[in-house]
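Asker: One structure follows; several queries about it will come next.
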2 protein chains.
Amino acid sequence: MEELVGLREGSSGKPVTLQELWGPCPRIRRGIRGGLEWLKERLFRAREDWYFLVALGVLMALISYAMNFAIGRVVRAHKWLYREVGDGHLLRYLSWTVYPVALLSFSSGFSQSITPFSGGSGLPELKTMLSGVVLENYLDIKNFGAKVVGLSCTLATGSTIFLGKVGPFVHLSVMISAYLGRVRAKAVGDTESKAKEVEMLSAAAAVGVATVFAAPFSGVLFSIEVMSSHFSVWNYWRGFFAATCGAFMFRLLAVFNSEQETITSIYKTRFRVDVPFDLPEIFFFVALGFICGILSCVYLFCQRNFLRFIKTNRYTSKLLATSKPSYAALVALVLASVTYPPGVGRFMASRLSMAEHLHSLFDNNSWALMTRNASPPWPAEPDPQNLWFEWYHPRFTIFGTLAFFLIMKFWMLILATTIPMPAGYFMPIFIIGAAIGRLLGEALSVAFPEGIVAGGEVYPIMPGGYALAGAAAFSGAVTHTISTALLAFELTGQIVHALPVLMAVLAANVISQNLQPSFYDGTIMAKKLPYLPWIRGRQIGSYPVTVEHFMNSNLTTLAKDMPLEEVVKVVTSTDVSQYPLVETRESQTLVGIVERTHLVQALQTQPASWAPGQERFLQDILAGGCPTQPVTLQLSPDTSLYQLKKAISTLINPPAPK
Amino acid sequence: MEELVGLREGSSGKPVTLQELWGPCPRIRRGIRGGLEWLKERLFRAREDWYFLVALGVLMALISYAMNFAIGRVVRAHKWLYREVGDGHLLRYLSWTVYPVALLSFSSGFSQSITPFSGGSGLPELKTMLSGVVLENYLDIKNFGAKVVGLSCTLATGSTIFLGKVGPFVHLSVMISAYLGRVRAKAVGDTESKAKEVEMLSAAAAVGVATVFAAPFSGVLFSIEVMSSHFSVWNYWRGFFAATCGAFMFRLLAVFNSEQETITSIYKTRFRVDVPFDLPEIFFFVALGFICGILSCVYLFCQRNFLRFIKTNRYTSKLLATSKPSYAALVALVLASVTYPPGVGRFMASRLSMAEHLHSLFDNNSWALMTRNASPPWPAEPDPQNLWFEWYHPRFTIFGTLAFFLIMKFWMLILATTIPMPAGYFMPIFIIGAAIGRLLGEALSVAFPEGIVAGGEVYPIMPGGYALAGAAAFSGAVTHTISTALLAFELTGQIVHALPVLMAVLAANVISQNLQPSFYDGTIMAKKLPYLPWIRGRQIGSYPVTVEHFMNSNLTTLAKDMPLEEVVKVVTSTDVSQYPLVETRESQTLVGIVERTHLVQALQTQPASWAPGQERFLQDILAGGCPTQPVTLQLSPDTSLYQLKKAISTLINPPAPK
């Protein structure tokens, strides 16, 4: 009975209900319930943001998958039309070209009519935003529709136009994140701080990459490398968490739709694991890196200058200003005509989609060795089991088609980037890099047909490994990133080439970072977007430079005890927009900043009745309502250049915690 | 003839030499020579640092490899002794235990006699250093010898003492980097700036990890996650470059020594690539993550408190203070006795080395299924082809030995961490995590013996995948890092489990980061090292907090126009060490900081002859030689908490460029 009384009061002294009393083990059950409630309270606080990250990841995965699905249908319809239209060359040509021309002019027209912000990849603009510049309306949710529809149309043209989806997806993800942030801020009744916002945008950028490639690691690292010049480790987990949710959901949908047996990587390779490469091959991998670096410089140079040419040339600039869809249609017609399979397209595997390009280039057999004695037929349709047949031509051989592919795609990609429509430029660069690597790999497999001898067995050289290294190195050099190496492993699901690929990427980056600005920085310059310049002299010599060495000491300052006449004289004789305000003329202690406009306004509203005898000072005006800005950051002349740079970017780019 | 005259003068107008004139294509040759000289000048500027990074990587790889080589010899000698000593239990027991006891007491005695800094992993101290605290002599090159010799002895005890080498290697690498930096600074005649130094230390930390595991990617990321709370992307390539050099050299030596056919990963696995896991298994991977998270909290709690207990307990603290080698010997005796193979060691696979533990735990077959009908023999020697036989006992079964291994190693590791000697604690944690994962994996393979049905074929569940996820999740939870997932892939050379492992690591981190400080932070607290605390409230609510909310506005300030009497009154009535110096009593504009000691000194040296009528002010004293410090950073009350935190760590921890 005492036991029961003890139970009745419970450990917290409250009376227990009948149900609790009669159920088995009421104390344990109450404990469990308490624990669950504690957990619920901990997890679902309105101020926590993990479910926000989950929502972001899942939403982006759904969008990415739905877009892929829709594009797949459109591409299949195009293939069907091309197949069914018969053997007449005119009809076939029309069926091949009309599709991309119509899609591209619609994409360009539709997206540009809604908002001009929806064009391009969006990454350069985001980079500018994350460095603290405010681009009005750039993250507005109304851009979202324009970008999704435009991008779908662009991608539905397949490998004809040869563009990707990474950049726009990062932009889409950041837009959704900004929108969700606003919704939550309204729901919680809280004003979002700038710091928090930027933190979320970085995580969103990672989600964008992760939901395209199902690669959470490289998503996070790539977005860090491209977007932010410095970042806090605390941001890290947010990015990883959201990117993992996105990538998981994206692959889960593929399983649910019976495309895949289980969750795997997108471009699965089957490289030999035992002896994937021989030690001397490392040399060729590094050489491939240097080649990719040099080619990336050529590409970046041509791309930037062609973009400038298009903008300044009389005809093209007029066409772009008046009718963007016609320009898009014109370019699409050129590109589609070049890729027409029975024509020149025959020599550049133009019947393959971009995913098939990658799949075939990462093939682990040596095509050159396989076609030495027997030439495979050119099938009426690309053979899914032997996609690489498309790369072979009896007269041109493998080398001819690969080289031709590279030369043609090089200028075609530069031409395609000038169309004002939503499109990503990472994937085409990745494929071009893979082709460069494949070319070298095939050449090596012919040069050393005896292959690698190890442990008594003979292994042939795998050109697919070089394609992997080339893709990572070329895309890394163009974007000035190293994480493309990791992306290559996550995409293929194999990491056996870890060291050679990393070395190739580093070699390529050495060349391109020293000679050219990155693709994104180049676009920022070409588009004349504002950005915080970086310190060029990266040698050790630049470290002892302090603020004293370059600060402007010829500033016109206003002292609080200055007579108004003198103030008027200063204001009329100079035309800077802000004046530093010092306490007294002697001490020169900075106390704030006065805007010229405010000062002029305040001076104009002064009563005209001030006699010369009754002298008035600046401080009287200031006391009378002229606003001054407080000093947020004051540096001593001993502050070093790097400390300054960091301090500026800290204040512009609100810092993250930890 | 005119041609020759043109040649003679050359394009630069200088006369050409005879050799140049007669060689073929003198212009081209001169061009090439000029290009090479330009390249040489560009590459080998004294202020460039890439060859410094190469040197660091190569040196560390050589040390790592040489140490592995020496340890391998010692371990082989121990094995030989144990085998040859006969069947007598006493002799066998002695030969098993004397070795570790002698090595450990030597390691502890030798390293502690040279410098007490050489104990432990060194990572907590480095973390403190990188956050701006100066630890005198911690990077002195004389610690180097102590650490190398001590660590070799510790590692030569093999799996008996069960300790690793990551932490000390990071410390060694940072020591070498600091030393090389000093040497170069002397050679170039340049004073190294603090910013540069810290940048190099971060790169060196990455080299330390990379040369142990031959894993450049995770080396960089792990060192970033553990060491720095924020980092600049510009530092990134330095780390990658040095880490790649180190990892490449480390594996190259293995190839040259004919241990490997080619450059591969260290703990190569052979997981099935087609269907590595089924979709529902994701649930178990995440559950494994949570289990690892909870166990890591238990471990961290026990470890921290046991360390505190050892330090405060009367007997152990006395023993540790007077005779560290005896304490080490005592602990070694306990640990060696427990692992004696014919005794309890039989049930915990104690004949395997730590590398063999990992190799066997990552095995892709299910031991439980294989031993269901037939029990493998317990061989006289561990069988290199079937290392997992060691994990089986006919009465205990696989589950018994794995559980027993976990329980025993749990307290043994905690005990081993208390010995004051150079040792790393990452590897044992990684192995314990692998065992946790293996246990769950084996249980699942028994629970679902029908395996995975996909595409008409049946695949068994792979417990090795769970071991991989467990290792990454447990070590990630203990160190509060995510990059352990990447480390698991780089170590095994397979990335098929990318998403499930990442999800397990995230789940484990959610638990441990919320409940316990990380292993390194815990050690920093237990050792009472100074460090910059982090912001605990990571929710959104902490973002709008500004400096105004918590700044101390009750400061005693000194004004320049204060009479000296008043200054004396202030100085005698307060006992802070610094006084803010303001311009006038009215304006309160901060102009600098006066040290109390300097002020007292200056006041004392004042002539006593100042009459009350002839009033003197503080500014007279300051003009008379009392030093003041300039204001480096001044913040407005509107600066946010996070901006402040960043600004402080920016100034403490000199920032890096770009």
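Letters for chains follow the order of the structure tokens (A, B, ...), residue numbers begin at 1 for each chain, and ligand numbers begin at 1 in the order shown.
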Chain A least-squares fit onto chain B, all C-alpha atoms in order: RMSD in Å?
Answerer: 0.3 Å
Asker: Set the distance at 9 Å and use only C-alpha atoms: which residues neighbour segment 527-530 of chain B once local chain neighbours fewer than 6 positions away are removed? I'd like the list as a VMD selection string.
Answerer: chain B and resid 124 to 125 128 133
Asker: Which is closest to Leu369 of chain B among B:Met462, B:Met60, B:Cys292, B:Ile114, if we use only C-alpha atoms?
Answerer: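 Distance minimum relative to Leu369 of chain B lands on B:Met462.
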Asker: How many Å lie between atom CA of Ser512 of chain A and atom CA of His497 of chain A, rounded to one decimal?
Answerer: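 If I compute the distance from atom CA of Ser512 of chain A to atom CA of His497 of chain A, I get 22.4 Å.
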Asker: Can you pull out every residue from segment 94-262 of chain B that DSSP, working from the backbone, puts in alpha helix (DSSP H), and format the result as a short mmCIF file (atom, residue, chain, number, x, y, z; two decimals) with C-alpha atoms, in the first residue's frame?
Answerer:
```cif
data_model
loop_
_atom_site.label_atom_id
_atom_site.label_comp_id
_atom_site.auth_asym_id
_atom_site.auth_seq_id
_atom_site.Cartn_x
_atom_site.Cartn_y
_atom_site.Cartn_z
CA LEU B 94 57.44 -12.84 -19.90
CA SER B 95 58.44 -12.52 -23.55
CA TRP B 96 55.02 -11.05 -24.31
CA THR B 97 55.00 -8.51 -21.49
CA VAL B 98 58.62 -7.48 -20.98
CA TYR B 99 58.87 -5.92 -24.42
CA PRO B 100 56.03 -3.38 -24.04
CA VAL B 101 56.92 -2.66 -20.43
CA ALA B 102 60.52 -1.86 -21.36
CA LEU B 103 59.59 0.14 -24.45
CA LEU B 104 56.93 2.17 -22.74
CA SER B 105 58.94 3.04 -19.67
CA PHE B 106 61.81 4.05 -21.95
CA SER B 107 59.50 6.10 -24.15
CA SER B 108 58.00 7.88 -21.20
CA GLY B 109 61.30 8.40 -19.38
CA PHE B 110 63.30 9.50 -22.41
CA SER B 111 60.81 11.94 -23.83
CA GLN B 112 59.85 13.41 -20.48
CA SER B 113 63.46 13.86 -19.45
CA ILE B 114 64.15 15.96 -22.55
CA LEU B 123 46.96 18.40 -31.16
CA PRO B 124 45.28 20.20 -28.24
CA GLU B 125 48.38 22.36 -27.73
CA LEU B 126 48.56 23.11 -31.47
CA LYS B 127 44.92 24.06 -31.48
CA THR B 128 45.62 26.48 -28.65
CA MET B 129 48.59 27.89 -30.54
CA LEU B 130 46.67 28.38 -33.76
CA LYS B 142 64.90 19.91 -29.70
CA ASN B 143 61.47 18.49 -28.85
CA PHE B 144 61.68 16.82 -32.22
CA GLY B 145 64.15 14.10 -31.20
CA ALA B 146 62.29 13.36 -28.01
CA LYS B 147 59.03 13.01 -29.87
CA VAL B 148 60.43 10.84 -32.68
CA VAL B 149 62.23 8.41 -30.38
CA GLY B 150 59.40 8.29 -27.86
CA LEU B 151 56.78 7.76 -30.53
CA SER B 152 58.77 4.98 -32.20
CA CYS B 153 58.99 3.12 -28.89
CA THR B 154 55.29 3.62 -28.22
CA LEU B 155 54.32 2.34 -31.65
CA ALA B 156 56.74 -0.59 -31.45
CA VAL B 166 48.49 10.86 -36.19
CA GLY B 167 48.60 13.49 -33.45
CA PRO B 168 52.35 13.34 -32.83
CA PHE B 169 52.97 13.43 -36.58
CA VAL B 170 51.02 16.63 -36.89
CA HIS B 171 53.13 18.03 -34.07
CA LEU B 172 56.36 16.84 -35.73
CA SER B 173 55.34 18.31 -39.05
CA VAL B 174 54.53 21.66 -37.47
CA MET B 175 57.88 21.62 -35.65
CA ILE B 176 59.76 21.00 -38.91
CA SER B 177 57.76 23.70 -40.66
CA ALA B 178 58.58 26.22 -37.93
CA TYR B 179 62.24 25.25 -38.10
CA LEU B 180 62.41 25.48 -41.90
CA GLY B 181 60.68 28.84 -41.69
CA ARG B 182 63.32 30.14 -39.30
CA VAL B 183 66.13 28.80 -41.51
CA ARG B 184 64.66 30.45 -44.59
CA ALA B 185 64.03 33.70 -42.81
CA LYS B 186 67.69 33.73 -41.86
CA ALA B 187 68.83 32.85 -45.39
CA VAL B 188 66.64 35.46 -47.08
CA LYS B 194 53.17 36.07 -37.86
CA ALA B 195 50.48 35.73 -40.53
CA LYS B 196 52.80 33.81 -42.82
CA GLU B 197 53.89 31.58 -39.98
CA VAL B 198 50.37 30.55 -39.04
CA GLU B 199 49.58 29.89 -42.67
CA MET B 200 52.53 27.54 -42.89
CA LEU B 201 51.56 25.81 -39.66
CA SER B 202 48.12 25.01 -41.06
CA ALA B 203 49.70 23.51 -44.17
CA ALA B 204 52.11 21.55 -41.99
CA ALA B 205 49.26 20.10 -39.96
CA ALA B 206 47.74 18.79 -43.18
CA VAL B 207 51.08 17.23 -44.13
CA GLY B 208 51.19 15.46 -40.78
CA VAL B 209 47.89 13.70 -41.38
CA ALA B 210 48.60 13.05 -45.05
CA THR B 211 51.93 11.33 -44.44
CA VAL B 212 50.43 8.94 -41.91
CA PHE B 213 47.41 7.88 -43.93
CA PRO B 216 45.81 14.29 -48.89
CA PHE B 217 42.15 15.31 -49.08
CA SER B 218 41.17 14.29 -45.61
CA GLY B 219 44.52 15.48 -44.31
CA VAL B 220 43.69 19.02 -45.34
CA LEU B 221 40.08 18.89 -44.22
CA PHE B 222 40.79 17.15 -40.93
CA SER B 223 43.49 19.62 -40.00
CA ILE B 224 41.18 22.50 -40.89
CA GLU B 225 38.35 21.07 -38.84
CA VAL B 226 40.45 20.25 -35.81
CA MET B 227 42.79 23.22 -35.81
CA VAL B 233 40.51 29.47 -49.02
CA TRP B 234 43.87 30.81 -50.00
CA ASN B 235 45.51 28.57 -47.42
CA TYR B 236 43.79 25.66 -49.00
CA TRP B 237 46.13 25.13 -51.96
CA ARG B 238 49.20 25.28 -49.73
CA GLY B 239 47.78 22.48 -47.62
CA PHE B 240 46.80 20.44 -50.66
CA PHE B 241 50.11 20.92 -52.39
CA ALA B 242 52.21 19.98 -49.38
CA ALA B 243 49.92 17.11 -48.40
CA THR B 244 49.98 15.70 -51.93
CA CYS B 245 53.78 15.84 -52.00
CA GLY B 246 53.91 14.09 -48.64
CA ALA B 247 51.38 11.40 -49.48
CA PHE B 248 52.95 10.73 -52.88
CA MET B 249 56.44 10.41 -51.42
CA PHE B 250 55.18 8.18 -48.62
CA ARG B 251 53.56 5.73 -51.02
CA LEU B 252 56.44 6.01 -53.48
CA LEU B 253 58.81 4.71 -50.82
CA ALA B 254 56.56 1.70 -50.32
CA VAL B 255 56.77 0.97 -54.07
CA PHE B 256 60.54 1.43 -54.12
#
```
Asker: List the spatial neighbours of Ser366 of chain A as a PyMOL selection string - criterion: any atom at most 10 Å away, only C-alpha atoms, same-chain residues fewer than 4 positions off excluded.
Answerer: chain A and resi 370-371+438+441-446+449+460-464
Asker: Between A:Cys302, A:Leu163, A:Leu36, A:Val453, which residue has the minimum interatomic distance to Pro428 of chain A, considering only C-alpha atoms?
Answerer: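 For Pro428 of chain A, the nearest of the given residues is A:Leu163.
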